[in-house]
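Have a look at the structure below before the remarks.
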Amino acid sequence: QSLEPLPVPGPDFGALGEEAELVEVEPEAKQEILENKDVVVQHVHFDGLGRTKDDIIMYEIADVFKARNLIDVMRKSHEAREKLLRLGIFRQVDVLIDTCQGDDALPNGLDVTFEVTELRRLTGSYNTMVGNNEGSMVLGLKFPNLFGRAEKVTFQFSYGTKETSYGLSFFKPQPGSFEKNFSVNIYKVTGQFPWSSLRETDRGISAELNFPVWKTSHTLKWEGVWRELGCLARTASFSVREESGHSLKSSLSHAMVVDSRNSTILPKQGALLKINQELAGYTGGDVSFLKEDFELQLNKQLLLDSVISASLWGGMLVPIGDRPSSIADRFYLGGPTSVRGFSMYSIGPQSEGDYLGGEAFWAGGVHLYTPLPFRPGRGGFGDLFRTHFFLNAGNLCNLNYGEGPRAHLQRLAECIRWSYGAGVVLRLGNIARLELNYCFPMGVQAGDRICDGVQFGAGIRFL
Amino acid sequence: MQLFCLQAFLQMCNLPIRVICRANAEYMSPSGKVPFIHVGNQVVSELGPIVQFVKAKGHSLSDGLDEVQKAEMKAYMELVNNMLLTAELYLQWCDDVTVEEITHPRYGSPYPWPLNRILSYQKQWEVRRKMKAIGWAGKTLEQVLEDVDQCCHALSQRLGTQPYFFNKQPTELDALVFGHLFTILTTQLITDELSEKVKNYSNLTAFCRRIEQQYFEGHEKDSSTIATRSSKRSLLR
């Protein structure tokens, strides 16, 4: 298919008439300084489009027509290629830039051809997973580009020895701006939380709208969840037993993310701010609360390839009405991904060894990342590792909301748990990291469970 | 309905109790059945295990009986469980009119829509499956009422003119029978047929009234707690 540079709604670009002065066509033997040579992109061809509709393609490649010299054409074509790949509908995109042939060819006219291979209509995957005393089969199905405009339907089904879970989701981006999209999900997930002797089964529907506003990215979501809580063992404490049963949560939430870091895992510079609020109860259901939480991270590179990083997390849960908060909504603190040196989620209010979570918390950390001593494996495998020195602190408690903010701050400031230590961090791709630390927990209160000495952690989000 | 059996039994043993009603009692129970008791650190559910538990702690109502009488008591308790309990379940969950008008609204009342519907239907399928397994699914309402009548007849004959089933002292059987009959006599249903069947036997109604007066007037001490889904009622109107 061939696309002429016709006026397209939205992006604007100069009319064909504004071409630069005609360049003399020199004999081929002489070399030319290409970056100063003005060119005009006359045609953009697409090879390999099947079910994809034209309009979304046109948005992504509109910038290519604005290029004025060869280097610009190459750069804009590369950006267009990245945008096309981001849509998630092509397996491969190749770009070919050639001079224009044919009757209407201008001497400095260029043809850009995108050779694309669309993804198949249906892709499937099958995995087996073993972990947490349970084995399971996971089946995944994906329908990319369902109706031609980068809609995606995914289905995942996990059948395990203990629990079964599934999820179906539909995703649609807005043609022309991929960051504006919405998705609808239906799911059933089960979780086991041994630190609270609690088992939770959630069956729910959610609808989510994402959009950027200037430099921030916002998400608006409605979620309706049927929650079933149960005890994990006969020895569960009575406080956890009392929370067993069914409840329905219907909530609206809003999240804002500003991320200027250069990488998600082990960033060298930049900052992250995430603010999240959730209001439950006004759209149905029997759980009613207002929940706020935030996450802040600052990174700065120091000399000798080391990075100093500071992070701060905090949150508050305010139950509305006279029902107390549910254990499934409260915050938890402690563990290798949170305040290191303590066992997983084992800080704060507890009953007979089962941790009940708290309605307000804060946690902070200061880290110094340096390359491994003597830099083994430099330039290759060794670059994935970093040595890390940390200082973590935090507190988790329940608040009596009649007392007022001053009393709350006082409560959160007394009995602070903190820890320090050092260890090694391994970066896994751009998503996860592994840590092996030696920790010294301090400020331990009665009831907390600690993990002093060596602690291993794996995860996506670390304090 | 098992609450009254348990409450009567514990009152007869002279153990102080406190009754708490919770919507999620069924899910709090370790075996999924109500009622259950929470004593100190322990949670025990269902009448049989609770009786054993209380016996292990040194309280028992049937110590005075000899072996023959104990066997007889067990037989009658089985009869009550098989007949009366199943009949009550049948009426609550398998009779369409009752299900629609009384059981569904009552079972789903603590929950918001649509959870109330989902949970009621789930429970209904579970009970109907159990009925099918024990062969009651094919029975009609009349047959069930006939069975209840026969059961009451047997109990009435055994009771005769004695104050309790085993003469002077109440036993676990008395608590069990009282609990079931009291529930039948006081639960509001679409028709009064079930309670009429019981009322036909005057010594049974007198027996219930006697136990209610003796053990259920003004007993409110704290120690252990019982949890159930039903609410308080009284025979004396």
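Chain labels follow the order of the structure tokens: the first chain is A, the next B, and so on; residue numbering restarts at 1 in every chain, and ligands are counted from 1 in their shown order.
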Find the residues around stretch 112-123 of chain A up to 6 Å (only C-alpha atoms counted), leave out those fewer than 5 positions away in its own chain, and share them as an MDAnalysis selection string.
chainID A and resid 44:48 89:97 141:143
Next, dump the selected residues to file, keeping only all heavy atoms, as a short mmCIF file (atom, residue, chain, number, x, y, z; two decimals), in the first residue's frame.
data_model
loop_
_atom_site.label_atom_id
_atom_site.label_comp_id
_atom_site.auth_asym_id
_atom_site.auth_seq_id
_atom_site.Cartn_x
_atom_site.Cartn_y
_atom_site.Cartn_z
N VAL A 44 5.35 7.27 1.24
CA VAL A 44 5.65 6.30 2.29
C VAL A 44 4.85 5.05 1.96
O VAL A 44 3.64 5.10 1.81
CB VAL A 44 5.25 6.82 3.68
CG1 VAL A 44 5.46 5.74 4.73
CG2 VAL A 44 6.05 8.05 4.04
N HIS A 45 5.58 3.95 1.77
CA HIS A 45 4.90 2.70 1.43
C HIS A 45 4.85 1.78 2.62
O HIS A 45 5.74 1.81 3.47
CB HIS A 45 5.68 1.97 0.31
CG HIS A 45 5.80 2.74 -0.95
ND1 HIS A 45 4.95 2.57 -2.00
CD2 HIS A 45 6.68 3.70 -1.32
CE1 HIS A 45 5.29 3.39 -2.98
NE2 HIS A 45 6.35 4.09 -2.60
N PHE A 46 3.83 0.96 2.66
CA PHE A 46 3.72 -0.07 3.69
C PHE A 46 3.55 -1.42 3.02
O PHE A 46 2.63 -1.61 2.23
CB PHE A 46 2.50 0.19 4.59
CG PHE A 46 2.86 0.92 5.84
CD1 PHE A 46 2.87 2.29 5.88
CD2 PHE A 46 3.23 0.21 6.97
CE1 PHE A 46 3.23 2.95 7.03
CE2 PHE A 46 3.59 0.87 8.13
CZ PHE A 46 3.59 2.25 8.16
N ASP A 47 4.44 -2.32 3.35
CA ASP A 47 4.30 -3.67 2.84
C ASP A 47 3.95 -4.60 3.98
O ASP A 47 4.65 -4.62 5.00
CB ASP A 47 5.64 -4.16 2.24
CG ASP A 47 5.84 -3.63 0.84
OD1 ASP A 47 4.84 -3.21 0.22
OD2 ASP A 47 6.99 -3.63 0.39
N GLY A 48 2.91 -5.37 3.78
CA GLY A 48 2.66 -6.39 4.80
C GLY A 48 1.50 -6.11 5.72
O GLY A 48 1.29 -6.84 6.68
N ILE A 89 1.52 -4.71 17.61
CA ILE A 89 0.78 -5.46 16.60
C ILE A 89 1.69 -6.03 15.52
O ILE A 89 1.25 -6.80 14.68
CB ILE A 89 -0.30 -4.58 15.94
CG1 ILE A 89 0.32 -3.35 15.29
CG2 ILE A 89 -1.33 -4.18 16.94
CD1 ILE A 89 -0.71 -2.41 14.70
N PHE A 90 2.96 -5.63 15.53
CA PHE A 90 3.89 -6.11 14.52
C PHE A 90 4.98 -6.92 15.16
O PHE A 90 5.50 -6.58 16.21
CB PHE A 90 4.53 -4.94 13.76
CG PHE A 90 3.54 -4.10 13.01
CD1 PHE A 90 3.46 -2.75 13.26
CD2 PHE A 90 2.70 -4.66 12.07
CE1 PHE A 90 2.55 -1.97 12.56
CE2 PHE A 90 1.80 -3.90 11.37
CZ PHE A 90 1.71 -2.54 11.62
N ARG A 91 5.35 -8.00 14.47
CA ARG A 91 6.47 -8.76 14.99
C ARG A 91 7.77 -8.10 14.57
O ARG A 91 8.76 -8.12 15.28
CB ARG A 91 6.41 -10.20 14.44
CG ARG A 91 7.37 -11.08 15.17
CD ARG A 91 7.32 -12.50 14.74
NE ARG A 91 6.02 -12.90 14.27
CZ ARG A 91 5.83 -13.93 13.48
NH1 ARG A 91 6.85 -14.64 13.09
NH2 ARG A 91 4.62 -14.27 13.07
N GLN A 92 7.76 -7.50 13.40
CA GLN A 92 9.00 -6.95 12.87
C GLN A 92 8.68 -5.74 12.01
O GLN A 92 7.68 -5.73 11.29
CB GLN A 92 9.65 -8.01 11.98
CG GLN A 92 11.13 -7.90 11.90
CD GLN A 92 11.67 -9.04 11.06
OE1 GLN A 92 11.02 -10.08 10.94
NE2 GLN A 92 12.82 -8.84 10.48
N VAL A 93 9.50 -4.73 12.08
CA VAL A 93 9.31 -3.56 11.23
C VAL A 93 10.68 -3.19 10.65
O VAL A 93 11.61 -2.91 11.39
CB VAL A 93 8.77 -2.36 12.05
CG1 VAL A 93 8.66 -1.12 11.18
CG2 VAL A 93 7.44 -2.68 12.67
N ASP A 94 10.80 -3.19 9.34
CA ASP A 94 12.05 -2.78 8.70
C ASP A 94 11.79 -1.54 7.88
O ASP A 94 10.75 -1.40 7.26
CB ASP A 94 12.55 -3.90 7.76
CG ASP A 94 12.98 -5.11 8.54
OD1 ASP A 94 13.53 -4.94 9.64
OD2 ASP A 94 12.75 -6.24 8.07
N VAL A 95 12.77 -0.66 7.85
CA VAL A 95 12.61 0.60 7.12
C VAL A 95 13.59 0.66 5.96
O VAL A 95 14.77 0.35 6.12
CB VAL A 95 12.87 1.81 8.06
CG1 VAL A 95 12.56 3.10 7.33
CG2 VAL A 95 12.03 1.69 9.31
N LEU A 96 13.10 1.06 4.83
CA LEU A 96 13.95 1.17 3.64
C LEU A 96 13.78 2.58 3.09
O LEU A 96 12.67 3.02 2.85
CB LEU A 96 13.46 0.16 2.61
CG LEU A 96 14.46 -0.38 1.62
CD1 LEU A 96 15.52 -1.18 2.34
CD2 LEU A 96 13.75 -1.25 0.61
N ILE A 97 14.89 3.29 2.91
CA ILE A 97 14.81 4.65 2.36
C ILE A 97 15.49 4.63 1.00
O ILE A 97 16.63 4.19 0.86
CB ILE A 97 15.52 5.66 3.27
CG1 ILE A 97 14.96 5.56 4.69
CG2 ILE A 97 15.35 7.08 2.75
CD1 ILE A 97 15.64 6.44 5.68
N LEU A 141 -3.41 -17.05 26.42
CA LEU A 141 -3.84 -16.84 25.03
C LEU A 141 -3.84 -15.35 24.78
O LEU A 141 -4.28 -14.58 25.62
CB LEU A 141 -5.26 -17.36 24.81
CG LEU A 141 -5.47 -18.85 24.85
CD1 LEU A 141 -6.96 -19.15 24.72
CD2 LEU A 141 -4.72 -19.52 23.73
N LYS A 142 -3.37 -14.96 23.63
CA LYS A 142 -3.36 -13.53 23.33
C LYS A 142 -3.90 -13.31 21.93
O LYS A 142 -3.52 -14.01 20.99
CB LYS A 142 -1.92 -13.02 23.44
CG LYS A 142 -1.84 -11.52 23.39
CD LYS A 142 -0.64 -10.98 24.13
CE LYS A 142 0.64 -11.20 23.37
NZ LYS A 142 1.71 -10.32 23.87
N PHE A 143 -4.79 -12.35 21.78
CA PHE A 143 -5.29 -11.96 20.47
C PHE A 143 -4.81 -10.54 20.22
O PHE A 143 -5.48 -9.59 20.62
CB PHE A 143 -6.83 -11.95 20.45
CG PHE A 143 -7.45 -13.29 20.67
CD1 PHE A 143 -7.67 -13.76 21.96
CD2 PHE A 143 -7.84 -14.08 19.60
CE1 PHE A 143 -8.26 -14.99 22.17
CE2 PHE A 143 -8.44 -15.31 19.81
CZ PHE A 143 -8.64 -15.77 21.09
#
Stretch 438-444 of chain A environment, 8 Å, only C-alpha atoms, sequence neighbours closer than 4 positions dropped, as a PyMOL selection string:
chain A and resi 340-342+415-423+448+450-455
Kindly save the residues from that selection, with N, CA and C atoms included, as a short mmCIF file (atom, residue, chain, number, x, y, z; two decimals), in the first residue's frame.
data_model
loop_
_atom_site.label_atom_id
_atom_site.label_comp_id
_atom_site.auth_asym_id
_atom_site.auth_seq_id
_atom_site.Cartn_x
_atom_site.Cartn_y
_atom_site.Cartn_z
N ARG A 340 14.19 -3.75 55.50
CA ARG A 340 15.00 -4.97 55.52
C ARG A 340 15.40 -5.31 56.94
N GLY A 341 15.68 -6.57 57.19
CA GLY A 341 16.05 -6.98 58.53
C GLY A 341 14.87 -7.52 59.32
N PHE A 342 13.66 -7.34 58.80
CA PHE A 342 12.48 -7.88 59.45
C PHE A 342 11.87 -8.93 58.52
N CYS A 415 8.38 4.58 68.60
CA CYS A 415 8.65 3.17 68.30
C CYS A 415 8.96 2.95 66.83
N ILE A 416 9.90 3.72 66.31
CA ILE A 416 10.29 3.54 64.90
C ILE A 416 11.17 2.31 64.78
N ARG A 417 10.85 1.48 63.79
CA ARG A 417 11.74 0.35 63.51
C ARG A 417 12.74 0.79 62.45
N TRP A 418 13.98 0.42 62.62
CA TRP A 418 14.94 0.78 61.58
C TRP A 418 16.01 -0.29 61.47
N SER A 419 16.75 -0.23 60.38
CA SER A 419 17.79 -1.23 60.18
C SER A 419 18.84 -0.68 59.24
N TYR A 420 20.02 -1.27 59.30
CA TYR A 420 21.08 -0.89 58.38
C TYR A 420 21.83 -2.13 57.96
N GLY A 421 22.59 -2.00 56.89
CA GLY A 421 23.34 -3.17 56.46
C GLY A 421 23.94 -2.96 55.08
N ALA A 422 24.43 -4.04 54.52
CA ALA A 422 25.06 -3.98 53.20
C ALA A 422 24.80 -5.27 52.47
N GLY A 423 24.92 -5.21 51.15
CA GLY A 423 24.69 -6.44 50.39
C GLY A 423 24.99 -6.25 48.93
N ASP A 448 7.26 -7.96 66.78
CA ASP A 448 7.84 -7.98 65.44
C ASP A 448 8.68 -9.22 65.27
N ILE A 450 11.97 -10.66 63.36
CA ILE A 450 13.11 -10.11 62.63
C ILE A 450 13.83 -11.19 61.85
N CYS A 451 14.66 -10.73 60.94
CA CYS A 451 15.46 -11.64 60.14
C CYS A 451 16.86 -11.05 60.12
N ASP A 452 17.53 -11.08 61.27
CA ASP A 452 18.84 -10.43 61.28
C ASP A 452 19.88 -11.37 60.70
N GLY A 453 20.88 -10.77 60.13
CA GLY A 453 21.85 -11.60 59.41
C GLY A 453 21.52 -11.57 57.94
N VAL A 454 21.72 -12.68 57.29
CA VAL A 454 21.58 -12.72 55.84
C VAL A 454 20.10 -12.75 55.46
N GLN A 455 19.74 -11.91 54.50
CA GLN A 455 18.35 -11.90 54.03
C GLN A 455 18.35 -11.81 52.51
#
Tell me, as a PDB file with all heavy atoms, in the first residue's frame, which residues lie within 8 Å of stretch 58-61 of chain B, counting only C-alpha atoms; anything in the same chain fewer than 3 positions away does not count.
ATOM      1  N   MET B  12     -27.805 -26.678  80.599  1.00  0.00           N
ATOM      2  CA  MET B  12     -28.057 -27.839  81.449  1.00  0.00           C
ATOM      3  C   MET B  12     -26.800 -28.262  82.183  1.00  0.00           C
ATOM      4  O   MET B  12     -26.863 -28.783  83.298  1.00  0.00           O
ATOM      5  CB  MET B  12     -28.567 -29.016  80.608  1.00  0.00           C
ATOM      6  CG  MET B  12     -29.995 -28.847  80.118  1.00  0.00           C
ATOM      7  SD  MET B  12     -30.389 -30.150  78.958  1.00  0.00           S
ATOM      8  CE  MET B  12     -31.981 -29.615  78.377  1.00  0.00           C
ATOM      9  N   CYS B  13     -25.650 -28.050  81.543  1.00  0.00           N
ATOM     10  CA  CYS B  13     -24.392 -28.392  82.208  1.00  0.00           C
ATOM     11  C   CYS B  13     -23.986 -27.324  83.194  1.00  0.00           C
ATOM     12  O   CYS B  13     -22.947 -27.422  83.835  1.00  0.00           O
ATOM     13  CB  CYS B  13     -23.259 -28.508  81.180  1.00  0.00           C
ATOM     14  SG  CYS B  13     -23.421 -29.882  80.084  1.00  0.00           S
ATOM     15  N   VAL B  51     -19.838 -31.541  72.413  1.00  0.00           N
ATOM     16  CA  VAL B  51     -20.195 -32.413  73.534  1.00  0.00           C
ATOM     17  C   VAL B  51     -18.961 -33.181  74.004  1.00  0.00           C
ATOM     18  O   VAL B  51     -18.698 -33.300  75.206  1.00  0.00           O
ATOM     19  CB  VAL B  51     -21.327 -33.375  73.117  1.00  0.00           C
ATOM     20  CG1 VAL B  51     -21.522 -34.456  74.154  1.00  0.00           C
ATOM     21  CG2 VAL B  51     -22.616 -32.616  72.902  1.00  0.00           C
ATOM     22  N   VAL B  54     -16.631 -30.802  75.865  1.00  0.00           N
ATOM     23  CA  VAL B  54     -17.122 -30.476  77.210  1.00  0.00           C
ATOM     24  C   VAL B  54     -16.951 -31.680  78.137  1.00  0.00           C
ATOM     25  O   VAL B  54     -16.591 -31.546  79.306  1.00  0.00           O
ATOM     26  CB  VAL B  54     -18.594 -30.029  77.113  1.00  0.00           C
ATOM     27  CG1 VAL B  54     -19.228 -29.975  78.470  1.00  0.00           C
ATOM     28  CG2 VAL B  54     -18.695 -28.691  76.420  1.00  0.00           C
ATOM     29  N   LYS B  55     -17.149 -32.875  77.566  1.00  0.00           N
ATOM     30  CA  LYS B  55     -16.972 -34.095  78.366  1.00  0.00           C
ATOM     31  C   LYS B  55     -15.526 -34.225  78.815  1.00  0.00           C
ATOM     32  O   LYS B  55     -15.243 -34.593  79.959  1.00  0.00           O
ATOM     33  CB  LYS B  55     -17.345 -35.289  77.492  1.00  0.00           C
ATOM     34  CG  LYS B  55     -17.575 -36.579  78.237  1.00  0.00           C
ATOM     35  CD  LYS B  55     -18.138 -37.606  77.269  1.00  0.00           C
ATOM     36  CE  LYS B  55     -18.574 -38.850  77.998  1.00  0.00           C
ATOM     37  NZ  LYS B  55     -19.222 -39.785  77.091  1.00  0.00           N
ATOM     38  N   GLY B  64     -24.992 -40.531  84.373  1.00  0.00           N
ATOM     39  CA  GLY B  64     -25.842 -41.368  85.221  1.00  0.00           C
ATOM     40  C   GLY B  64     -26.501 -42.521  84.490  1.00  0.00           C
ATOM     41  O   GLY B  64     -27.202 -43.334  85.093  1.00  0.00           O
ATOM     42  N   GLN B 169     -33.324 -36.583  85.040  1.00  0.00           N
ATOM     43  CA  GLN B 169     -32.264 -35.648  84.674  1.00  0.00           C
ATOM     44  C   GLN B 169     -32.247 -35.395  83.175  1.00  0.00           C
ATOM     45  O   GLN B 169     -32.460 -36.326  82.399  1.00  0.00           O
ATOM     46  CB  GLN B 169     -30.885 -36.216  85.092  1.00  0.00           C
ATOM     47  CG  GLN B 169     -30.707 -36.308  86.585  1.00  0.00           C
ATOM     48  CD  GLN B 169     -30.838 -34.958  87.243  1.00  0.00           C
ATOM     49  OE1 GLN B 169     -30.350 -33.943  86.724  1.00  0.00           O
ATOM     50  NE2 GLN B 169     -31.525 -34.906  88.351  1.00  0.00           N
ATOM     51  N   PRO B 170     -31.980 -34.160  82.787  1.00  0.00           N
ATOM     52  CA  PRO B 170     -31.871 -33.914  81.336  1.00  0.00           C
ATOM     53  C   PRO B 170     -30.560 -34.488  80.798  1.00  0.00           C
ATOM     54  O   PRO B 170     -29.553 -34.518  81.505  1.00  0.00           O
ATOM     55  CB  PRO B 170     -31.875 -32.384  81.244  1.00  0.00           C
ATOM     56  CG  PRO B 170     -31.368 -31.915  82.551  1.00  0.00           C
ATOM     57  CD  PRO B 170     -31.773 -32.947  83.572  1.00  0.00           C
ATOM     58  N   THR B 171     -30.597 -34.937  79.570  1.00  0.00           N
ATOM     59  CA  THR B 171     -29.399 -35.468  78.911  1.00  0.00           C
ATOM     60  C   THR B 171     -29.205 -34.740  77.583  1.00  0.00           C
ATOM     61  O   THR B 171     -29.987 -33.856  77.221  1.00  0.00           O
ATOM     62  CB  THR B 171     -29.550 -36.970  78.622  1.00  0.00           C
ATOM     63  OG1 THR B 171     -30.710 -37.140  77.807  1.00  0.00           O
ATOM     64  CG2 THR B 171     -29.678 -37.773  79.885  1.00  0.00           C
ATOM     65  N   GLU B 172     -28.165 -35.161  76.849  1.00  0.00           N
ATOM     66  CA  GLU B 172     -27.896 -34.531  75.553  1.00  0.00           C
ATOM     67  C   GLU B 172     -29.096 -34.676  74.617  1.00  0.00           C
ATOM     68  O   GLU B 172     -29.388 -33.801  73.801  1.00  0.00           O
ATOM     69  CB  GLU B 172     -26.672 -35.182  74.885  1.00  0.00           C
ATOM     70  CG  GLU B 172     -25.327 -34.805  75.469  1.00  0.00           C
ATOM     71  CD  GLU B 172     -24.929 -35.717  76.613  1.00  0.00           C
ATOM     72  OE1 GLU B 172     -25.782 -36.521  77.014  1.00  0.00           O
ATOM     73  OE2 GLU B 172     -23.795 -35.634  77.086  1.00  0.00           O
TER      74      GLU B 172
END
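If you take only C-alpha atoms and a cut-off of 9 Å, the residues of chain B that reach chain A are Ala23, Asn24, Ala25, Glu26, Tyr27, Met28, Ser29, Pro30, His38, Asn41, Gln42, Val43, Tyr111, Pro112, Trp113, Pro114, Leu115 and Leu119 of chain B.
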For C-alpha atoms, I'd like the residues from the last selection saved as a CSV table (one decimal), in the first residue's frame.
chain,number,residue,atom,x,y,z
B,23,ALA,CA,-23.2,-12.7,59.6
B,24,ASN,CA,-20.0,-14.5,58.8
B,25,ALA,CA,-20.2,-17.1,61.5
B,26,GLU,CA,-20.5,-19.9,59.0
B,27,TYR,CA,-17.1,-18.9,57.5
B,28,MET,CA,-15.5,-18.3,60.8
B,29,SER,CA,-16.1,-21.9,61.8
B,30,PRO,CA,-13.2,-24.3,61.3
B,38,HIS,CA,-14.8,-20.1,71.3
B,41,ASN,CA,-7.8,-20.1,72.7
B,42,GLN,CA,-9.8,-22.9,71.2
B,43,VAL,CA,-12.6,-23.0,68.6
B,111,TYR,CA,-24.7,-8.7,52.0
B,112,PRO,CA,-25.1,-6.0,49.3
B,113,TRP,CA,-26.4,-6.8,45.9
B,114,PRO,CA,-25.3,-8.8,43.9
B,115,LEU,CA,-23.5,-10.8,46.6
B,119,LEU,CA,-24.3,-16.6,48.1
Report the distance between atom CA of B:Leu6 and atom CA of B:Tyr164 in Å, rounded to one decimal place.
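These two atoms are separated by 16.8 Å.
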DSSP-assigned alpha helix (DSSP H) among stretch 29-232 of chain B, expressed as JSON, numbers by chain:
{"B": [47, 48, 49, 50, 51, 52, 53, 54, 55, 56, 67, 68, 69, 70, 71, 72, 73, 74, 75, 76, 77, 78, 79, 80, 86, 87, 88, 89, 90, 91, 92, 93, 96, 97, 98, 104, 105, 106, 107, 108, 115, 116, 117, 118, 119, 120, 121, 122, 123, 124, 125, 126, 127, 128, 129, 130, 131, 132, 133, 134, 141, 142, 143, 144, 145, 146, 147, 148, 149, 150, 151, 152, 153, 154, 155, 156, 157, 158, 159, 172, 173, 174, 175, 176, 177, 178, 179, 180, 181, 182, 183, 184, 185, 186, 193, 194, 195, 196, 197, 198, 199, 202, 203, 204, 205, 206, 207, 208, 209, 210, 211, 212, 213, 214, 215]}
Return as a ChimeraX atom specification the full set of residues in stretch 148-324 of chain A whose backbone-based DSSP assignment is strand (DSSP E).
/A:152-160,164-174,177-193,198-213,216-231,245-259,270-285,289-301,307-319
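Residue nearest B:Glu46 within the list B:Gln2, B:Gln69, B:Thr103, B:Thr187: B:Gln2 [criterion: smallest interatomic distance, only C-alpha atoms].
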For B:Asn200, please output as a ChimeraX atom specification all residues within 12 Å (counting only C-alpha atoms; exclusion window: fewer than 3 positions along the same chain).
/B:148-150,152-153,156,185,193-197,203-206
Just the residues within 8 Å of B:Leu155, please, counting only C-alpha atoms, with nothing from its chain fewer than 4 positions along; format it as a list in words.
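The contact residues come out as Tyr76, Cys151, Leu159 and Leu204 of chain B.
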For the residues in that selection, give me C-alpha atoms as a PDB file, in the first residue's frame.
ATOM      1  CA  TYR B  76     -32.690 -41.468  69.289  1.00  0.00           C
ATOM      2  CA  CYS B 151     -40.362 -39.033  64.162  1.00  0.00           C
ATOM      3  CA  LEU B 159     -41.147 -39.273  76.454  1.00  0.00           C
ATOM      4  CA  LEU B 204     -43.681 -32.573  73.228  1.00  0.00           C
TER       5      LEU B 204
END
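Taking atom CA of B:Thr186 and atom CA of B:Gly135 as endpoints, the distance between them is 27.5 Å.
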Could you tell me how far atom CA of A:Tyr166 lies from atom CA of B:His104, in Å and to one decimal?
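Pair atom CA of A:Tyr166 / atom CA of B:His104 returns 29.1 Å.
Distance annotation: of A:Ile186, A:Leu356, A:Leu372, A:Ala280, the residue with the minimal separation from A:Leu304 is A:Leu372; atom set is only C-alpha atoms.
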Looking at A:Met316, A:Ser217, A:Ala105, A:Gln42, which one is nearest to A:Pro405, with distances taken over only C-alpha atoms?
A:Met316
Would you mind listing what lies within 9 Å of A:Asp293 as a PyMOL selection string, with only C-alpha atoms counted and same-chain residues fewer than 3 positions away left out?
chain A and resi 274-278+313-317
Name the residues in contact with A:Leu302 at a cut-off of 10 Å, using only C-alpha atoms, excluding same-chain residues fewer than 5 positions from it; report them as a list in words.
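Listing them by chain and then by number gives Lys268, Gln269, Val307, Ile308, Leu368, Tyr369 and Thr370 of chain A.
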Could you dump the residues just selected with N, CA and C atoms as a PDB file, in the first residue's frame?
ATOM      1  N   LYS A 268      20.181   5.573  37.688  1.00  0.00           N
ATOM      2  CA  LYS A 268      21.352   6.359  38.050  1.00  0.00           C
ATOM      3  C   LYS A 268      20.968   7.787  38.386  1.00  0.00           C
ATOM      4  N   GLN A 269      19.868   8.240  37.842  1.00  0.00           N
ATOM      5  CA  GLN A 269      19.457   9.610  38.134  1.00  0.00           C
ATOM      6  C   GLN A 269      17.973   9.724  37.903  1.00  0.00           C
ATOM      7  N   VAL A 307      25.987   5.647  43.070  1.00  0.00           N
ATOM      8  CA  VAL A 307      24.701   6.354  43.035  1.00  0.00           C
ATOM      9  C   VAL A 307      24.147   6.407  44.445  1.00  0.00           C
ATOM     10  N   ILE A 308      23.643   7.559  44.833  1.00  0.00           N
ATOM     11  CA  ILE A 308      22.950   7.627  46.119  1.00  0.00           C
ATOM     12  C   ILE A 308      21.456   7.770  45.843  1.00  0.00           C
ATOM     13  N   LEU A 368      23.252   3.527  49.088  1.00  0.00           N
ATOM     14  CA  LEU A 368      24.420   3.912  48.309  1.00  0.00           C
ATOM     15  C   LEU A 368      24.784   2.704  47.467  1.00  0.00           C
ATOM     16  N   TYR A 369      24.724   2.876  46.161  1.00  0.00           N
ATOM     17  CA  TYR A 369      25.060   1.769  45.262  1.00  0.00           C
ATOM     18  C   TYR A 369      26.430   2.013  44.669  1.00  0.00           C
ATOM     19  N   THR A 370      27.301   1.030  44.729  1.00  0.00           N
ATOM     20  CA  THR A 370      28.621   1.168  44.102  1.00  0.00           C
ATOM     21  C   THR A 370      28.878  -0.075  43.268  1.00  0.00           C
TER      22      THR A 370
END
